[in-house]
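**Q** My structure file target.txt, compact mmCIF, C-alpha atoms and all ligand atoms, is below:
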# COMPACT_ATOMS: atom_id res chain seq x y z
CA MET A 23 -75.77 -142.84 239.32
CA SER A 24 -73.49 -142.34 242.30
CA PHE A 25 -74.83 -141.58 245.75
CA SER A 26 -72.96 -138.24 245.78
CA LYS A 27 -74.84 -137.28 242.64
CA ASP A 28 -78.18 -138.27 244.20
CA VAL A 29 -77.46 -136.07 247.22
CA LYS A 30 -76.38 -133.15 245.02
CA ASN A 31 -79.40 -133.45 242.78
CA GLU A 32 -81.62 -133.43 245.84
CA VAL A 33 -80.08 -130.41 247.57
CA ALA A 34 -79.59 -128.45 244.33
CA ARG A 35 -83.39 -128.36 244.12
CA ILE A 36 -84.06 -127.12 247.65
CA GLU A 37 -86.01 -123.88 247.62
CA SER A 38 -84.24 -121.50 249.95
CA GLU A 39 -86.83 -119.45 251.80
CA ILE A 40 -84.51 -117.07 253.61
CA ALA A 41 -82.55 -114.42 251.72
CA CYS A 42 -79.65 -114.35 254.22
CA CYS A 43 -78.92 -118.03 253.55
CA GLU A 44 -78.69 -117.55 249.80
CA LYS A 45 -75.59 -115.40 250.13
CA ALA A 46 -74.05 -117.83 252.60
CA GLU A 47 -74.61 -120.69 250.17
CA LEU A 48 -73.16 -118.68 247.27
CA PHE A 49 -70.16 -117.89 249.45
CA GLY A 50 -69.66 -121.64 249.99
CA LEU A 51 -70.20 -122.54 246.34
CA LEU A 52 -67.94 -119.87 244.89
CA ARG A 53 -65.25 -120.11 247.57
CA MET A 54 -65.08 -123.83 246.93
CA SER A 55 -64.93 -123.95 243.16
CA GLY A 56 -65.53 -120.56 241.69
CA SER A 57 -62.80 -118.32 240.45
CA VAL A 58 -62.29 -114.65 239.87
CA SER A 59 -61.59 -113.79 236.28
CA LEU A 60 -59.83 -110.71 235.07
CA LYS A 61 -61.08 -109.33 231.80
CA GLY A 62 -59.79 -106.00 230.65
CA LYS A 63 -60.26 -103.59 233.52
CA GLY A 64 -62.91 -105.43 235.50
CA VAL A 65 -63.22 -108.58 237.54
CA GLY A 66 -65.81 -111.25 236.86
CA ILE A 67 -66.76 -114.55 238.44
CA HIS A 68 -66.46 -117.96 236.86
CA PHE A 69 -68.03 -121.21 238.05
CA ALA A 70 -67.82 -124.54 236.20
CA THR A 71 -69.65 -127.79 236.89
CA GLU A 72 -70.84 -130.93 235.12
CA ASN A 73 -74.10 -130.91 237.08
CA ALA A 74 -76.88 -129.07 235.22
CA ALA A 75 -79.03 -128.65 238.35
CA LEU A 76 -76.08 -127.08 240.16
CA ALA A 77 -75.33 -124.69 237.28
CA ARG A 78 -78.98 -123.58 237.33
CA ARG A 79 -78.81 -123.08 241.09
CA VAL A 80 -75.65 -120.95 240.98
CA LEU A 81 -77.19 -118.86 238.22
CA ARG A 82 -80.44 -118.39 240.13
CA LEU A 83 -78.70 -117.47 243.39
CA LEU A 84 -76.48 -114.95 241.60
CA LYS A 85 -79.39 -113.40 239.69
CA SER A 86 -81.71 -113.12 242.68
CA ASN A 87 -79.10 -111.43 244.89
CA PHE A 88 -77.19 -109.20 242.50
CA SER A 89 -78.15 -107.43 239.31
CA VAL A 90 -75.21 -108.87 237.44
CA GLN A 91 -74.97 -109.84 233.81
CA THR A 92 -74.36 -113.54 233.35
CA GLU A 93 -73.58 -115.95 230.58
CA VAL A 94 -73.70 -119.74 230.51
CA VAL A 95 -71.45 -121.65 228.17
CA ILE A 96 -72.15 -125.33 227.65
CA THR A 97 -69.30 -127.42 226.37
CA ARG A 98 -70.60 -130.66 224.93
CA SER A 99 -68.35 -133.59 225.28
CA ARG A 100 -67.71 -135.53 222.13
CA ARG A 101 -66.74 -138.63 224.01
CA LEU A 102 -69.48 -141.07 224.91
CA LYS A 103 -70.64 -141.16 228.51
CA LYS A 104 -68.77 -137.97 229.26
CA ASN A 105 -70.86 -135.21 230.76
CA ASN A 106 -71.44 -131.76 229.42
CA ARG A 107 -69.68 -128.96 231.19
CA TYR A 108 -71.59 -125.86 232.26
CA GLN A 109 -69.70 -122.63 232.78
CA VAL A 110 -71.49 -119.85 234.58
CA GLN A 111 -69.82 -116.49 234.06
CA VAL A 112 -70.51 -113.16 235.64
CA MET A 113 -69.41 -110.36 233.36
CA PRO A 114 -67.14 -107.69 234.88
CA SER A 115 -69.10 -104.65 236.07
CA ALA A 116 -69.45 -102.43 239.11
CA GLU A 117 -72.20 -104.76 240.36
CA ALA A 118 -69.93 -107.80 239.89
CA SER A 119 -67.26 -106.11 242.01
CA LYS A 120 -69.89 -105.42 244.65
CA ALA A 121 -70.90 -109.10 244.61
CA LEU A 122 -67.27 -110.16 244.99
CA GLY A 123 -66.92 -107.87 247.97
CA GLU A 124 -70.16 -108.88 249.65
CA LEU A 125 -69.48 -112.56 249.15
CA GLN A 126 -65.97 -111.99 250.53
CA LEU A 127 -64.40 -113.77 247.61
CA LEU A 128 -61.37 -111.58 247.16
CA ALA A 129 -59.81 -112.35 250.52
CA MET A 130 -60.62 -114.69 253.34
CA PRO A 131 -61.48 -112.43 256.26
CA GLU A 132 -60.97 -113.47 259.86
CA ASP A 133 -63.85 -115.77 260.53
CA GLY A 134 -64.92 -113.83 263.62
CA ARG A 135 -65.87 -111.06 261.28
CA LEU A 136 -67.63 -113.28 258.80
CA LYS A 137 -70.97 -111.57 258.61
CA LEU A 138 -72.20 -114.10 256.10
CA LEU A 139 -72.04 -116.97 258.57
CA GLY A 140 -73.48 -115.24 261.61
CA LYS A 141 -76.63 -117.35 261.91
CA PRO A 142 -77.06 -121.13 262.17
CA CYS A 143 -79.40 -121.14 259.14
CA CYS A 144 -76.68 -119.48 257.09
CA ARG A 145 -73.98 -121.84 258.34
CA LYS A 146 -76.13 -124.76 257.16
CA ALA A 147 -76.56 -123.13 253.76
CA PHE A 148 -72.79 -122.54 253.61
CA LEU A 149 -72.14 -126.26 254.17
CA ARG A 150 -74.70 -127.08 251.47
CA GLY A 151 -72.79 -124.86 249.04
CA ILE A 152 -69.49 -126.45 250.07
CA PHE A 153 -70.85 -129.94 249.52
CA LEU A 154 -72.46 -129.07 246.18
CA ALA A 155 -69.24 -127.59 244.85
CA GLY A 156 -66.64 -129.93 246.31
CA GLY A 157 -68.14 -132.76 248.30
CA SER A 158 -68.61 -136.47 247.86
CA VAL A 159 -70.13 -139.23 249.96
CA SER A 160 -70.05 -142.97 249.44
CA LYS A 161 -73.01 -145.26 249.81
CA PRO A 162 -72.69 -147.09 253.12
CA VAL A 163 -72.23 -150.43 251.35
CA SER A 164 -68.53 -150.72 252.10
CA ASP A 165 -67.15 -147.81 254.10
CA TYR A 166 -68.64 -144.72 255.66
CA HIS A 167 -66.94 -141.77 254.03
CA LEU A 168 -67.87 -138.17 253.29
CA GLU A 169 -65.30 -135.63 252.17
CA LEU A 170 -65.02 -131.99 251.18
CA VAL A 171 -61.97 -131.10 249.10
CA THR A 172 -60.39 -127.70 248.60
CA ASP A 173 -56.94 -126.40 247.74
CA ASN A 174 -57.34 -123.55 250.23
CA GLU A 175 -56.15 -124.30 253.75
CA ASP A 176 -57.99 -121.38 255.39
CA LEU A 177 -61.24 -122.52 253.79
CA ALA A 178 -60.67 -126.11 254.98
CA ILE A 179 -60.13 -124.84 258.53
CA LEU A 180 -63.30 -122.74 258.31
CA ILE A 181 -65.34 -125.72 257.02
CA GLN A 182 -64.08 -127.90 259.85
CA LYS A 183 -64.92 -125.23 262.40
CA VAL A 184 -68.46 -124.77 261.08
CA MET A 185 -68.98 -128.54 261.10
CA HIS A 186 -67.75 -128.79 264.69
CA GLY A 187 -70.36 -126.15 265.53
CA PHE A 188 -73.02 -128.65 264.45
CA SER A 189 -71.36 -131.39 266.55
CA LEU A 190 -70.04 -133.11 263.42
CA PRO A 191 -66.67 -134.75 264.26
CA ALA A 192 -64.90 -133.51 261.11
CA LYS A 193 -61.22 -134.33 260.70
CA MET A 194 -58.74 -132.82 258.29
CA THR A 195 -55.90 -134.17 256.23
CA ASP A 196 -53.97 -133.15 253.12
CA ARG A 197 -53.36 -135.00 249.89
CA LYS A 198 -50.96 -133.57 247.31
CA ASN A 199 -52.11 -129.96 246.92
CA ASP A 200 -55.52 -130.44 248.49
CA TYR A 201 -56.96 -130.20 251.97
CA ILE A 202 -59.64 -132.72 252.82
CA VAL A 203 -62.21 -132.31 255.55
CA TYR A 204 -63.89 -135.66 256.16
CA LEU A 205 -66.30 -137.72 258.23
CA LYS A 206 -65.80 -141.43 258.82
CA GLU A 207 -68.75 -142.43 260.94
CA GLY A 208 -72.31 -143.37 259.97
CA ASN A 209 -74.01 -141.12 262.51
CA ALA A 210 -71.81 -138.17 261.57
CA ILE A 211 -72.68 -138.58 257.88
CA THR A 212 -76.42 -138.75 258.54
CA GLY A 213 -75.94 -135.68 260.75
CA PHE A 214 -74.27 -133.84 257.87
CA LEU A 215 -76.96 -134.88 255.36
CA SER A 216 -79.58 -133.57 257.78
CA VAL A 217 -77.75 -130.24 258.21
CA ILE A 218 -77.58 -129.63 254.44
CA GLY A 219 -81.25 -130.63 254.02
CA ALA A 220 -80.75 -133.89 252.09
CA HIS A 221 -83.64 -135.65 253.81
CA ASN A 222 -84.45 -138.24 251.15
CA SER A 223 -80.82 -139.19 250.64
CA LEU A 224 -80.50 -139.49 254.39
CA LEU A 225 -83.30 -142.07 254.51
CA GLU A 226 -81.73 -144.02 251.67
CA PHE A 227 -78.37 -143.93 253.42
CA GLU A 228 -79.94 -145.12 256.65
CA ASN A 229 -81.84 -148.00 255.01
CA ILE A 230 -78.66 -149.39 253.48
CA ARG A 231 -76.80 -148.86 256.72
CA ILE A 232 -79.33 -150.73 258.84
CA VAL A 233 -79.32 -153.72 256.52
CA LYS A 234 -75.53 -153.71 256.45
CA GLU A 235 -75.08 -153.45 260.21
CA MET A 236 -77.76 -156.07 260.78
CA ARG A 237 -75.95 -158.41 258.43
CA ASN A 238 -72.69 -157.90 260.29
CA LYS A 239 -74.49 -158.71 263.46
CA VAL A 240 -75.99 -161.88 262.03
CA ASN A 241 -72.59 -163.03 260.92
CA ARG A 242 -71.66 -162.87 264.56
CA LEU A 243 -74.83 -164.50 265.87
CA VAL A 244 -75.03 -167.45 263.51
CA ASN A 245 -78.18 -168.97 264.90
CA CYS A 246 -80.42 -166.02 264.29
CA GLU A 247 -83.34 -166.68 261.97
CA THR A 248 -83.29 -164.79 258.69
CA ALA A 249 -87.04 -164.30 258.45
CA ASN A 250 -87.11 -162.82 261.90
CA LEU A 251 -84.21 -160.58 260.98
CA SER A 252 -85.85 -159.02 257.96
CA LYS A 253 -88.88 -158.18 260.12
CA ILE A 254 -86.62 -156.46 262.63
CA VAL A 255 -84.89 -154.52 259.84
CA GLN A 256 -88.19 -153.37 258.37
CA ALA A 257 -89.47 -152.28 261.77
CA ALA A 258 -86.28 -150.28 262.42
CA VAL A 259 -86.42 -148.66 258.97
CA HIS A 260 -90.03 -147.64 259.55
CA GLN A 261 -89.34 -146.29 263.05
CA ILE A 262 -86.46 -144.17 261.72
CA ALA A 263 -88.56 -142.87 258.83
CA CYS A 264 -91.23 -141.80 261.36
CA ILE A 265 -88.66 -140.07 263.58
CA ARG A 266 -87.16 -138.25 260.58
CA TYR A 267 -90.63 -137.17 259.53
CA ILE A 268 -91.39 -135.71 262.95
CA ASP A 269 -87.96 -134.03 262.98
CA LYS A 270 -88.65 -132.44 259.60
CA THR A 271 -92.24 -131.45 260.41
CA SER A 272 -92.18 -130.05 263.94
CA GLY A 273 -88.78 -130.96 265.36
CA LEU A 274 -87.91 -133.70 267.84
CA TYR A 275 -88.25 -131.26 270.72
CA SER A 276 -92.01 -131.31 270.11
CA LEU A 277 -91.97 -134.81 271.62
CA SER A 278 -92.20 -135.46 275.34
CA PRO A 279 -88.77 -135.91 276.99
CA LEU A 280 -89.26 -139.69 277.21
CA LEU A 281 -90.22 -139.98 273.55
CA LYS A 282 -87.41 -137.62 272.58
CA GLU A 283 -84.94 -139.91 274.37
CA THR A 284 -86.49 -142.90 272.63
CA ALA A 285 -86.15 -141.21 269.23
CA ASP A 286 -82.53 -140.17 269.90
CA LEU A 287 -81.55 -143.70 270.90
CA ARG A 288 -83.22 -145.20 267.84
CA LEU A 289 -81.39 -142.75 265.55
CA ALA A 290 -78.04 -143.24 267.26
CA HIS A 291 -78.28 -147.03 267.08
CA PRO A 292 -80.18 -147.95 263.91
CA GLU A 293 -78.99 -151.54 264.07
CA ALA A 294 -79.83 -152.17 267.73
CA SER A 295 -82.72 -154.42 268.76
CA VAL A 296 -85.54 -153.03 270.90
CA ALA A 297 -84.20 -154.94 273.93
CA GLU A 298 -80.75 -153.38 273.43
CA LEU A 299 -82.26 -149.90 273.10
CA ALA A 300 -84.30 -150.45 276.27
CA SER A 301 -81.13 -151.33 278.17
CA MET A 302 -79.54 -148.05 277.06
CA ALA A 303 -82.51 -145.90 278.12
CA GLU A 304 -82.64 -143.94 281.37
CA GLY A 305 -84.57 -145.52 284.21
CA ASN A 306 -85.74 -149.06 284.41
CA ILE A 307 -87.61 -149.82 281.24
CA GLY A 308 -88.11 -153.23 279.64
CA LYS A 309 -88.37 -154.30 276.05
CA SER A 310 -92.16 -154.05 275.86
CA GLY A 311 -92.24 -150.64 277.54
CA PHE A 312 -89.69 -149.32 275.08
CA ASN A 313 -91.55 -150.89 272.18
CA HIS A 314 -94.66 -149.10 273.36
CA ARG A 315 -92.81 -145.76 273.14
CA LEU A 316 -91.67 -146.56 269.59
CA LYS A 317 -95.26 -147.38 268.61
CA LYS A 318 -96.36 -144.06 270.12
CA ILE A 319 -93.78 -142.24 267.96
CA GLU A 320 -95.02 -144.03 264.83
CA GLN A 321 -98.58 -143.04 265.72
CA ILE A 322 -97.57 -139.38 266.17
CA ALA A 323 -95.88 -139.37 262.75
CA LEU A 324 -99.03 -140.79 261.14
CA GLU A 325 -101.19 -138.20 262.89
CA MET A 326 -98.89 -135.48 261.55
CA GLY A 327 -99.69 -136.70 258.06
CA MET A 328 -96.86 -139.06 257.22
CA ASP A 329 -97.56 -141.32 254.28
CA GLU A 330 -97.97 -144.95 255.40
CA ASN A 331 -95.70 -146.10 252.59
ZN ZN B 1 -79.71 -117.61 257.01
With the file now loaded, output its structure as structure tokens.
Ligand SMILES: [Zn+2]

**A**
Amino acid sequence: MSFSKDVKNEVARIESEIACCEKAELFGLLRMSGSVSLKGKGVGIHFATENAALARRVLRLLKSNFSVQTEVVITRSRRLKKNNRYQVQVMPSAEASKALGELQLLAMPEDGRLKLLGKPCCRKAFLRGIFLAGGSVSKPVSDYHLELVTDNEDLAILIQKVMHGFSLPAKMTDRKNDYIVYLKEGNAITGFLSVIGAHNSLLEFENIRIVKEMRNKVNRLVNCETANLSKIVQAAVHQIACIRYIDKTSGLYSLSPLLKETADLRLAHPEASVAELASMAEGNIGKSGFNHRLKKIEQIALEMGMDEN
């Protein structure tokens, strides 16, 4: 299974706790790959995907926010290894028209007036919808690459703007009839995965990335011992898992400023040795002092209830 699919399967199962975010996510999902269908006098909504979890999510979000009548058509592929196709349809009705209006699907309004994306929580949910419907990300084995593809230029500009709001250095390009908003840097991709709530995928991404960057480093420093290296990799992986756990549980701002700085440096430089991190820290701190701070962070994560494994 591809890494994109892992990420989608993870975020398609996130329970959204806040009602405002559900509409923002639907807006992202349907703007990205939904369409408006005209049947007789009324307008309906149509959304197609090969991902069963995503089809269920779209259906649930539609049903819990609007009292619309829906239908799901599954087209089974006769070819081997081809996926089924799920088509979620909202039947034309007054309520369907209301949904189209509220989700601003008929026209792209000026983004200043976009009520749906007023809050940061909703902007995160919007990006989750965008990724689910039209995103892909490669495993960091070869290249770092995450992209969101749409044929609508205004939507691409909006996506880029929302990403910039989360300090994600998104760039844009076009390919044939599509606009592509993309990220090309490891830290930016982990930042995006964190924003859309893909915490497990993020850890997997980071594990592969640390091993890869360590390997590159070893190729440069030929006389480094392999056994020693794998210990360093494991320590870094564990430290990052602890920091992510604290971030998820009570936020990194719950740490003291010194520990927060330590955590930020570790996340920003997953492949760096403790001595290198110490040299980047504020003030005059040595390798053992910095190591002590990392141990303190690991201890805090354990006290918060993180699983040792
Ligand atoms: Zn919200």

**Q** Check every protein, DNA and RNA residue against ligand ZN 1 (chain B), keep those with an atom at most 10 Å away (counting only C-alpha atoms and all ligand atoms), and present them as a PyMOL selection string.

**A** chain A and resi 38-47+138-148

**Q** Go ahead and compute the interatomic distance for CA of Leu52 (chain A) and CA of Pro162 (chain A), in Å to one decimal.

**A**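 Here the two named atoms are 28.8 Å from each other.
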
**Q** Which residues are close to Gly156 (chain A), i.e. within 6 Å by only C-alpha atoms, leaving aside same-chain residues fewer than 4 positions away? Reply as a VMD selection string.

**A** chain A and resid 152 170 to 171

**Q** Smallest atom-to-atom distance to Glu235 (chain A): which of A:Arg266, A:His291, A:Lys206, A:Lys27, using all atoms listed in the file?

**A**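 Among A:Arg266, A:His291, A:Lys206, A:Lys27, it is A:His291 that comes nearest to Glu235 (chain A).
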
**Q** For Val95 (chain A), which residue out of A:Ala70, A:Val240, A:Ala285, A:Ala300 is the nearest one, using all atoms listed in the file?

**A**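 Smallest separation from Val95 (chain A) among the options: A:Ala70.
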
**Q** Work out how far CA of Thr71 (chain A) is from CA of Pro191 (chain A), in Å to one decimal.

**A** 28.4 Å

**Q** Please indicate the distance in Å from CA of Gly50 (chain A) to CA of Gly151 (chain A), rounded to one decimal place.

**A** 4.6 Å

**Q** Given the choices A:Glu72, A:Glu37, A:Glu320, A:Glu283, which gets closest to Glu304 (chain A) if the distance is worked out from all atoms listed in the file?

**A**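 So, comparing all the options, the nearest one is A:Glu283.
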
**Q** Closest to Ile307 (chain A) among A:Glu293, A:Ile179, A:Thr284, A:Ser272, using all atoms listed in the file?

**A**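 Ranking A:Glu293, A:Ile179, A:Thr284, A:Ser272 by distance to Ile307 (chain A), first place goes to A:Thr284.
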
**Q** Every residue with an atom at most 12 Å from (-77.4, -123.9, 236.7) (file coordinates; all atoms listed in the file) is what I'm after, so could you write them as a PDB file with C-alpha atoms, in the coordinates of the input?

**A**
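Saved as part_35.pdb:
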ATOM      1  CA  ASN A  31     -79.400-133.450 242.780  1.00  0.00           C
ATOM      2  CA  ALA A  34     -79.590-128.450 244.330  1.00  0.00           C
ATOM      3  CA  ARG A  35     -83.390-128.360 244.120  1.00  0.00           C
ATOM      4  CA  PHE A  69     -68.030-121.210 238.050  1.00  0.00           C
ATOM      5  CA  ALA A  70     -67.820-124.540 236.200  1.00  0.00           C
ATOM      6  CA  THR A  71     -69.650-127.790 236.890  1.00  0.00           C
ATOM      7  CA  GLU A  72     -70.840-130.930 235.120  1.00  0.00           C
ATOM      8  CA  ASN A  73     -74.100-130.910 237.080  1.00  0.00           C
ATOM      9  CA  ALA A  74     -76.880-129.070 235.220  1.00  0.00           C
ATOM     10  CA  ALA A  75     -79.030-128.650 238.350  1.00  0.00           C
ATOM     11  CA  LEU A  76     -76.080-127.080 240.160  1.00  0.00           C
ATOM     12  CA  ALA A  77     -75.330-124.690 237.280  1.00  0.00           C
ATOM     13  CA  ARG A  78     -78.980-123.580 237.330  1.00  0.00           C
ATOM     14  CA  ARG A  79     -78.810-123.080 241.090  1.00  0.00           C
ATOM     15  CA  VAL A  80     -75.650-120.950 240.980  1.00  0.00           C
ATOM     16  CA  LEU A  81     -77.190-118.860 238.220  1.00  0.00           C
ATOM     17  CA  ARG A  82     -80.440-118.390 240.130  1.00  0.00           C
ATOM     18  CA  LEU A  83     -78.700-117.470 243.390  1.00  0.00           C
ATOM     19  CA  LEU A  84     -76.480-114.950 241.600  1.00  0.00           C
ATOM     20  CA  LYS A  85     -79.390-113.400 239.690  1.00  0.00           C
ATOM     21  CA  THR A  92     -74.360-113.540 233.350  1.00  0.00           C
ATOM     22  CA  GLU A  93     -73.580-115.950 230.580  1.00  0.00           C
ATOM     23  CA  VAL A  94     -73.700-119.740 230.510  1.00  0.00           C
ATOM     24  CA  VAL A  95     -71.450-121.650 228.170  1.00  0.00           C
ATOM     25  CA  ILE A  96     -72.150-125.330 227.650  1.00  0.00           C
ATOM     26  CA  ARG A 107     -69.680-128.960 231.190  1.00  0.00           C
ATOM     27  CA  TYR A 108     -71.590-125.860 232.260  1.00  0.00           C
ATOM     28  CA  GLN A 109     -69.700-122.630 232.780  1.00  0.00           C
ATOM     29  CA  VAL A 110     -71.490-119.850 234.580  1.00  0.00           C
ATOM     30  CA  GLN A 111     -69.820-116.490 234.060  1.00  0.00           C
ATOM     31  CA  LEU A 154     -72.460-129.070 246.180  1.00  0.00           C
TER      32      LEU A 154
END

**Q** Nearest to Ala263 (chain A): which of A:Ser115, A:Ser160, A:Asn222, A:Asn87 is it, counting all atoms listed in the file?

**A**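 Nearest to Ala263 (chain A): A:Asn222.
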
**Q** Nearest residue to Leu168 (chain A) out of A:Glu207, A:Glu228, A:Asp286, A:Asp200, using all atoms listed in the file?

**A**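 Among the listed residues, the smallest separation from Leu168 (chain A) belongs to A:Glu207.
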
**Q** Please provide the set of residues having any atom within 10 Å of Met113 (chain A), restricted to all atoms listed in the file, with same-chain residues fewer than 5 positions apart removed, written as a list in words.

**A**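 Those residues are Ser59, Leu60, Lys61, Gly64, Val65, Gly66, Ile67, His68, Val90, Gln91, Thr92, Glu93, Ala118 and Ser119 of chain A.
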
**Q** Provide an axis-aligned box for all listed atoms of region 85-100 of chain A, padding each side by 5 Å; report its centre and its edge lengths in Å to one decimal, as lines of an AutoDock Vina configuration file.

**A**
center_x = -74.7
center_y = -121.5
center_z = 233.5
size_x = 24.0
size_y = 38.1
size_z = 32.8

**Q** Around (-98.0, -136.7, 260.8) in the file's own coordinates, what residues are found within 9 Å if you use all atoms listed in the file, given back as a PyMOL selection string?

**A** chain A and resi 264+267-268+271+320-329

**Q** Identify, on the basis of all atoms listed in the file, every residue whose closest approach to region 212-220 of chain A does not exceed 7 Å; exclude the query and any residue fewer than 5 positions from it along the same chain; express the result as a ChimeraX atom specification.

**A** /A:29,32-33,146-147,149-150,190

**Q** Please export region 83-90 of chain A as a PDB file, in the first residue's frame, restricted to all heavy atoms.

**A**
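Contents of the output file selection09.pdb:
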ATOM      1  N   LEU A  83     -20.239  13.047   6.952  1.00  0.00           N
ATOM      2  CA  LEU A  83     -20.186  14.510   7.118  1.00  0.00           C
ATOM      3  C   LEU A  83     -21.404  15.175   6.486  1.00  0.00           C
ATOM      4  O   LEU A  83     -21.964  16.118   7.041  1.00  0.00           O
ATOM      5  CB  LEU A  83     -18.892  15.068   6.511  1.00  0.00           C
ATOM      6  CG  LEU A  83     -17.579  14.715   7.235  1.00  0.00           C
ATOM      7  CD1 LEU A  83     -16.373  15.222   6.456  1.00  0.00           C
ATOM      8  CD2 LEU A  83     -17.558  15.286   8.646  1.00  0.00           C
ATOM      9  N   LEU A  84     -21.830  14.682   5.328  1.00  0.00           N
ATOM     10  CA  LEU A  84     -23.008  15.247   4.673  1.00  0.00           C
ATOM     11  C   LEU A  84     -24.250  15.020   5.518  1.00  0.00           C
ATOM     12  O   LEU A  84     -25.026  15.933   5.776  1.00  0.00           O
ATOM     13  CB  LEU A  84     -23.206  14.596   3.295  1.00  0.00           C
ATOM     14  CG  LEU A  84     -22.358  15.122   2.142  1.00  0.00           C
ATOM     15  CD1 LEU A  84     -22.448  14.175   0.955  1.00  0.00           C
ATOM     16  CD2 LEU A  84     -22.816  16.521   1.732  1.00  0.00           C
ATOM     17  N   LYS A  85     -24.400  13.764   5.990  1.00  0.00           N
ATOM     18  CA  LYS A  85     -25.601  13.382   6.745  1.00  0.00           C
ATOM     19  C   LYS A  85     -25.688  14.101   8.087  1.00  0.00           C
ATOM     20  O   LYS A  85     -26.777  14.417   8.555  1.00  0.00           O
ATOM     21  CB  LYS A  85     -25.582  11.867   7.006  1.00  0.00           C
ATOM     22  CG  LYS A  85     -25.908  11.046   5.779  1.00  0.00           C
ATOM     23  CD  LYS A  85     -27.387  11.024   5.588  1.00  0.00           C
ATOM     24  CE  LYS A  85     -27.829   9.921   4.653  1.00  0.00           C
ATOM     25  NZ  LYS A  85     -29.226  10.123   4.261  1.00  0.00           N
ATOM     26  N   SER A  86     -24.529  14.324   8.742  1.00  0.00           N
ATOM     27  CA  SER A  86     -24.616  14.916  10.070  1.00  0.00           C
ATOM     28  C   SER A  86     -24.765  16.431  10.012  1.00  0.00           C
ATOM     29  O   SER A  86     -25.061  17.061  11.019  1.00  0.00           O
ATOM     30  CB  SER A  86     -23.414  14.509  10.933  1.00  0.00           C
ATOM     31  OG  SER A  86     -22.238  15.011  10.366  1.00  0.00           O
ATOM     32  N   ASN A  87     -24.565  17.035   8.845  1.00  0.00           N
ATOM     33  CA  ASN A  87     -24.700  18.487   8.758  1.00  0.00           C
ATOM     34  C   ASN A  87     -25.916  18.968   7.986  1.00  0.00           C
ATOM     35  O   ASN A  87     -26.333  20.105   8.141  1.00  0.00           O
ATOM     36  CB  ASN A  87     -23.433  19.093   8.143  1.00  0.00           C
ATOM     37  CG  ASN A  87     -22.274  19.052   9.112  1.00  0.00           C
ATOM     38  OD1 ASN A  87     -22.214  19.888  10.005  1.00  0.00           O
ATOM     39  ND2 ASN A  87     -21.400  18.068   8.984  1.00  0.00           N
ATOM     40  N   PHE A  88     -26.447  18.101   7.134  1.00  0.00           N
ATOM     41  CA  PHE A  88     -27.600  18.506   6.320  1.00  0.00           C
ATOM     42  C   PHE A  88     -28.576  17.340   6.250  1.00  0.00           C
ATOM     43  O   PHE A  88     -28.151  16.189   6.217  1.00  0.00           O
ATOM     44  CB  PHE A  88     -27.143  18.862   4.897  1.00  0.00           C
ATOM     45  CG  PHE A  88     -26.101  19.936   4.859  1.00  0.00           C
ATOM     46  CD1 PHE A  88     -24.756  19.605   4.728  1.00  0.00           C
ATOM     47  CD2 PHE A  88     -26.451  21.271   4.965  1.00  0.00           C
ATOM     48  CE1 PHE A  88     -23.776  20.592   4.711  1.00  0.00           C
ATOM     49  CE2 PHE A  88     -25.478  22.262   4.945  1.00  0.00           C
ATOM     50  CZ  PHE A  88     -24.146  21.929   4.827  1.00  0.00           C
ATOM     51  N   SER A  89     -29.874  17.657   6.230  1.00  0.00           N
ATOM     52  CA  SER A  89     -30.805  16.530   6.127  1.00  0.00           C
ATOM     53  C   SER A  89     -31.086  16.242   4.657  1.00  0.00           C
ATOM     54  O   SER A  89     -32.190  16.418   4.162  1.00  0.00           O
ATOM     55  CB  SER A  89     -32.070  16.785   6.932  1.00  0.00           C
ATOM     56  OG  SER A  89     -32.470  18.127   6.791  1.00  0.00           O
ATOM     57  N   VAL A  90     -30.042  15.815   3.972  1.00  0.00           N
ATOM     58  CA  VAL A  90     -30.164  15.531   2.544  1.00  0.00           C
ATOM     59  C   VAL A  90     -30.381  14.035   2.323  1.00  0.00           C
ATOM     60  O   VAL A  90     -30.057  13.209   3.175  1.00  0.00           O
ATOM     61  CB  VAL A  90     -28.894  15.963   1.776  1.00  0.00           C
ATOM     62  CG1 VAL A  90     -28.839  17.467   1.655  1.00  0.00           C
ATOM     63  CG2 VAL A  90     -27.636  15.427   2.456  1.00  0.00           C
TER      64      VAL A  90
END
